[in-house]
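Novice: For reference, the file data-v9.txt (compact mmCIF, C-alpha atoms) is included below:
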# COMPACT_ATOMS: atom_id res chain seq x y z
CA PHE K 16 101.74 86.63 97.42
CA ILE K 17 104.16 89.09 95.84
CA SER K 18 102.63 91.51 93.35
CA ALA K 19 102.93 95.03 91.93
CA ILE K 20 106.60 94.47 91.11
CA GLN K 21 108.42 97.61 90.04
CA LEU K 22 111.99 98.22 88.96
CA VAL K 23 113.44 101.58 89.92
CA ARG K 24 115.52 102.97 87.07
CA ALA K 25 118.83 104.72 87.72
CA ASP K 26 117.08 108.09 87.22
CA GLY K 27 114.46 107.20 89.86
CA SER K 28 111.60 106.56 87.43
CA LEU K 29 109.64 103.31 87.75
CA TYR K 30 109.03 100.40 85.41
CA ASN K 31 105.89 98.46 86.38
CA VAL K 32 106.36 94.78 85.54
CA PRO K 33 103.07 93.81 83.88
CA GLY K 34 101.15 90.79 85.18
CA ALA K 35 103.80 89.65 87.64
CA THR K 36 102.18 88.00 90.65
CA ILE K 37 104.17 85.36 92.49
CA LEU K 38 103.00 82.83 95.03
CA LYS K 39 106.29 82.47 96.90
CA VAL K 40 106.84 79.07 98.47
CA GLN K 41 109.94 78.22 100.48
CA GLN K 42 111.05 75.31 98.33
CA THR K 43 110.78 77.12 94.98
CA GLU K 44 113.36 79.47 93.48
CA PRO K 45 114.05 81.29 91.19
CA TYR K 46 110.96 83.11 89.92
CA THR K 47 110.67 84.59 86.45
CA ILE K 48 108.89 87.92 86.24
CA GLY K 49 109.11 88.32 82.46
CA SER K 50 110.90 90.59 80.06
CA VAL K 51 111.90 94.07 81.15
CA PRO K 52 113.47 96.89 79.16
CA ALA K 53 117.25 96.91 78.95
CA GLY K 54 118.81 99.60 81.07
CA ASN K 55 120.33 100.59 84.38
CA TYR K 56 118.29 100.07 87.51
CA GLN K 57 118.92 100.87 91.15
CA SER K 58 116.28 98.99 93.12
CA VAL K 59 113.19 96.80 93.24
CA ARG K 60 109.81 97.50 94.86
CA PHE K 61 106.92 95.10 95.34
CA THR K 62 103.87 94.42 97.42
CA VAL K 63 103.37 91.49 99.73
CA GLY K 64 99.67 91.02 99.18
CA LEU K 65 97.28 91.72 96.36
CA ASP K 66 95.55 94.84 95.10
CA SER K 67 91.95 95.20 96.31
CA VAL K 68 90.42 94.21 92.93
CA THR K 69 92.48 91.02 92.57
CA ASN K 70 91.88 90.20 96.23
CA LEU K 71 88.14 89.97 95.50
CA LYS K 72 88.38 87.78 92.39
CA THR K 73 87.47 84.12 92.48
CA PRO K 74 90.18 82.08 90.76
CA ALA K 75 89.56 79.92 87.74
CA ALA K 76 89.87 76.19 88.40
CA ASN K 77 93.03 76.02 86.27
CA ASP K 78 94.69 79.11 87.84
CA SER K 79 97.78 77.66 89.52
CA THR K 80 98.68 80.96 91.21
CA PHE K 81 95.39 81.77 92.95
CA ASN K 82 93.59 78.41 93.13
CA GLN K 83 95.51 77.47 96.29
CA PRO K 84 93.28 76.45 99.25
CA LEU K 85 96.13 77.09 101.72
CA MET K 86 95.89 80.77 100.72
CA TRP K 87 92.15 81.10 101.46
CA PHE K 88 90.55 82.04 104.77
CA GLY K 89 87.70 79.59 104.28
CA PRO K 90 86.73 76.55 102.23
CA SER K 91 86.61 78.65 99.04
CA ALA K 92 88.64 81.53 97.66
CA GLN K 93 85.99 84.18 98.20
CA PRO K 94 84.87 85.94 100.26
CA PRO K 95 86.73 87.66 102.09
CA GLY K 96 89.91 87.66 100.07
CA TYR K 97 93.19 85.81 100.06
CA VAL K 98 95.76 85.00 102.71
CA PHE K 99 98.87 86.97 101.71
CA VAL K 100 101.32 85.30 104.11
CA ASN K 101 100.74 81.78 105.42
CA PHE K 102 103.58 81.07 107.85
CA GLN K 103 103.38 78.19 110.30
CA GLY K 104 105.57 75.80 112.23
CA SER K 105 106.91 75.31 115.73
CA ILE K 106 109.02 77.69 117.79
CA ASP K 107 110.78 77.62 121.15
CA THR K 108 108.99 80.17 123.33
CA THR K 109 111.11 79.66 126.45
CA VAL K 110 113.65 82.11 127.84
CA ALA K 111 116.43 79.55 127.27
CA ALA K 112 115.44 79.15 123.60
CA ASN K 113 117.35 75.87 123.41
CA GLY K 114 114.74 73.98 121.41
CA SER K 115 113.57 71.85 124.34
CA VAL K 116 109.97 73.10 124.25
CA LEU K 117 108.42 73.79 120.88
CA MET K 118 105.02 75.42 120.52
CA PRO K 119 103.04 75.52 117.26
CA PHE K 120 102.41 78.89 115.62
CA ASN K 121 100.22 79.78 112.67
CA TYR K 122 100.06 83.18 111.01
CA ARG K 123 97.60 83.66 108.15
CA ILE K 124 97.94 87.33 107.28
CA GLY K 125 95.60 88.85 104.70
CA THR K 126 92.85 91.41 104.04
CA ASN K 127 93.41 94.64 102.14
CA SER K 128 94.64 96.44 105.26
CA ARG K 129 97.51 93.96 105.76
CA LYS K 130 99.25 94.22 102.38
CA ARG K 131 102.66 95.86 102.63
CA THR K 132 104.98 97.53 100.14
CA VAL K 133 108.64 96.56 100.23
CA SER K 134 111.23 99.00 98.87
CA MET K 135 114.60 97.34 98.57
CA PRO K 136 117.69 99.46 99.22
CA VAL K 137 119.73 100.78 96.32
CA GLN K 138 121.80 98.10 94.64
CA ASN K 139 122.56 99.03 91.06
CA PHE K 140 122.12 96.43 88.33
CA THR K 141 121.96 96.44 84.56
CA VAL K 142 119.56 94.56 82.32
CA THR K 143 121.30 93.68 79.06
CA PRO K 144 119.31 92.84 75.91
CA ASN K 145 118.78 89.10 75.30
CA GLN K 146 120.36 88.06 78.61
CA VAL K 147 118.85 86.74 81.80
CA GLN K 148 119.32 89.04 84.79
CA TYR K 149 118.95 87.81 88.37
CA VAL K 150 118.21 89.95 91.39
CA HIS K 151 118.84 87.77 94.43
CA ILE K 152 116.51 88.71 97.27
CA VAL K 153 116.73 86.77 100.52
CA ILE K 154 113.76 86.34 102.86
CA ASP K 155 114.53 86.03 106.58
CA TYR K 156 111.28 84.62 107.95
CA THR K 157 112.40 85.09 111.57
CA LYS K 158 111.92 88.84 111.09
CA LEU K 159 108.15 88.28 111.26
CA PHE K 160 108.65 87.67 114.99
CA THR K 161 110.38 91.02 115.65
CA GLY K 162 108.86 92.59 118.76
CA ILE K 163 106.35 89.76 119.26
CA LYS K 164 106.29 88.27 122.79
CA LEU K 165 106.33 84.62 121.85
CA SER K 166 105.93 83.52 125.47
CA VAL K 167 102.33 84.81 125.29
CA LEU K 168 100.34 81.95 123.77
CA SER K 169 97.77 84.26 122.17
CA ASN K 170 100.64 85.74 120.10
CA LEU K 171 101.14 82.44 118.28
CA SER K 172 98.02 82.50 116.12
CA VAL K 173 96.37 84.71 113.52
CA ASN K 174 93.97 82.54 111.50
CA SER K 175 90.87 84.43 110.47
CA VAL K 176 89.69 87.67 108.94
CA ALA K 177 88.63 88.76 112.44
CA ASP K 178 92.12 87.99 113.79
CA ASN K 179 93.56 90.18 111.01
CA SER K 180 91.80 93.22 112.47
CA GLY K 181 93.78 92.87 115.71
CA VAL K 182 97.01 94.35 117.04
CA LEU K 183 99.04 91.14 116.58
CA ALA K 184 98.21 90.96 112.86
CA ALA K 185 99.17 94.63 112.50
CA GLU K 186 102.53 94.01 114.21
CA ILE K 187 103.28 90.98 112.06
CA SER K 188 102.29 92.71 108.81
CA ASN K 189 104.43 95.72 109.77
CA ASN K 190 107.36 93.29 110.10
CA ILE K 191 106.95 92.00 106.54
CA PRO K 192 109.22 94.64 104.92
CA LEU K 193 111.97 93.75 107.42
CA MET K 194 112.18 90.21 106.03
CA PHE K 195 113.72 91.11 102.67
CA HIS K 196 117.35 91.88 101.88
CA TYR K 197 119.84 91.33 99.05
Show how you would write the structure in this file as structure tokens.
Specialist:
Amino acid sequence: FISAIQLVRADGSLYNVPGATILKVQQTEPYTIGSVPAGNYQSVRFTVGLDSVTNLKTPAANDSTFNQPLMWFGPSAQPPGYVFVNFQGSIDTTVAANGSVLMPFNYRIGTNSRKRTVSMPVQNFTVTPNQVQYVHIVIDYTKLFTGIKLSVLSNLSVNSVADNSGVLAAEISNNIPLMFHY
């Protein structure tokens, strides 16, 4: 989940984009965040995760953003909040890293303590009235593994609220801001 999207104006003041919460999925791009005031901007900030109030809300049945069972820790949305990052697959954990031995990994990062703010570096852009403006942000998912010893099998899984209170979940969530670049 990406939320609390802010545009940093050229003078350093912030424009909070109202109601913009995105459930980012790998196969979907671009995302529309709505209308913003025309002007000169220097950066974008956002949160990977949800604010504590939204994190405790049960979604309506027709809510396509939050009514996503893959983003819940249990069989229903609440409690104890949403999964903010659900990243899973297979990875080569050998020293050779030649793809000959793939091990499954599953990271379900959530809880209020695991949300992270991302402040993109300065890259000036202008929003012109009545025109669509794109800010192209790339996500490098391999950055989640930075500093994680993948040869240790216990480092390949964070699946529960209890797991999110551990050191591995803290390391992975601290890597979240590293994933984003222009």
Novice: Quick check, in Å to one decimal: how far apart do CA of Pro90 in chain K and CA of Ile20 in chain K lie?
Specialist: 29.0 Å
Novice: If you measure from CA of Ile106 in chain K to CA of Arg123 in chain K, what distance in Å do you get, rounded to one decimal?
Specialist: 16.1 Å
Novice: Excluding range 183-190 of chain K and its own-chain neighbours fewer than 4 positions away, which residues fall within 7 Å of it when counting only C-alpha atoms? Please give them as a tab-separated table (two decimals) with C-alpha atoms, in the frame of the given file.
Specialist:
chain	number	residue	atom	x	y	z
K	124	ILE	CA	97.94	87.33	107.28
K	129	ARG	CA	97.51	93.96	105.76
K	131	ARG	CA	102.66	95.86	102.63
K	158	LYS	CA	111.92	88.84	111.09
K	159	LEU	CA	108.15	88.28	111.26
K	160	PHE	CA	108.65	87.67	114.99
K	161	THR	CA	110.38	91.02	115.65
K	170	ASN	CA	100.64	85.74	120.10
K	173	VAL	CA	96.37	84.71	113.52
K	178	ASP	CA	92.12	87.99	113.79
K	179	ASN	CA	93.56	90.18	111.01
Novice: Fewer than 5 positions away in the same chain doesn't count, so skip those; otherwise give me all residues within 10 Å of Val51 in chain K, counting all atoms listed in the file, as a compact mmCIF listing (two decimals) with C-alpha atoms, in the coordinates of the input.
Specialist:
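Written file, part.txt:
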# COMPACT_ATOMS: atom_id res chain seq x y z
CA LEU K 22 111.99 98.22 88.96
CA TYR K 30 109.03 100.40 85.41
CA ASN K 31 105.89 98.46 86.38
CA VAL K 32 106.36 94.78 85.54
CA PRO K 33 103.07 93.81 83.88
CA VAL K 142 119.56 94.56 82.32
CA THR K 143 121.30 93.68 79.06
CA PRO K 144 119.31 92.84 75.91
CA GLN K 148 119.32 89.04 84.79
Novice: Which residue, K:Ala177, K:Val59, K:Leu65, K:Leu165, has the smallest gap to Val150 in chain K when you use all atoms listed in the file?
Specialist: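 Ranking K:Ala177, K:Val59, K:Leu65, K:Leu165 by distance to Val150 in chain K, first place goes to K:Val59.
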Novice: Between K:Pro119, K:Pro136, K:Gly162, K:Pro45, which residue has the minimum interatomic distance to Tyr197 in chain K, considering all atoms listed in the file?
Specialist: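 Closest residue, counting all atoms listed in the file: K:Pro136.
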Novice: What lies within 6 Å of Ser172 in chain K using all atoms listed in the file, ignoring chain neighbours under 4 positions off, as a PyMOL selection string?
Specialist: chain K and resi 120-122
Novice: Hey, which of K:Phe195, K:Phe102, K:Tyr149, K:Tyr156 ends up closest to Glu44 in chain K? Count only C-alpha atoms.
Specialist: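 The shortest atom-to-atom distance to Glu44 in chain K comes from K:Tyr149.
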Novice: From the set K:Met194, K:Leu171, K:Ala19, K:Leu117, which residue has the shortest atom-to-atom contact distance to Ile152 in chain K, counting only C-alpha atoms?
Specialist: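 Closest to Ile152 in chain K of all the choices is K:Met194.
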Novice: Go through K:Ala75, K:Ala35, K:Leu29, K:Val63 one by one, measure the shortest atom-to-atom distance of each to Asn127 in chain K using all atoms listed in the file, and give the residue with the smallest value.
Specialist: K:Val63
Novice: Would you work out the distance separating CA of Ile37 in chain K from CA of Asp78 in chain K, expressed in Å to one decimal?
Specialist: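 For CA of Ile37 in chain K relative to CA of Asp78 in chain K, the distance reads 12.3 Å.
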Novice: Between K:Thr73, K:Asn145, K:Ser134, K:Gln41, which is the closest to Ser91 in chain K once you count all atoms listed in the file?
Specialist: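 Among K:Thr73, K:Asn145, K:Ser134, K:Gln41, it is K:Thr73 that comes nearest to Ser91 in chain K.
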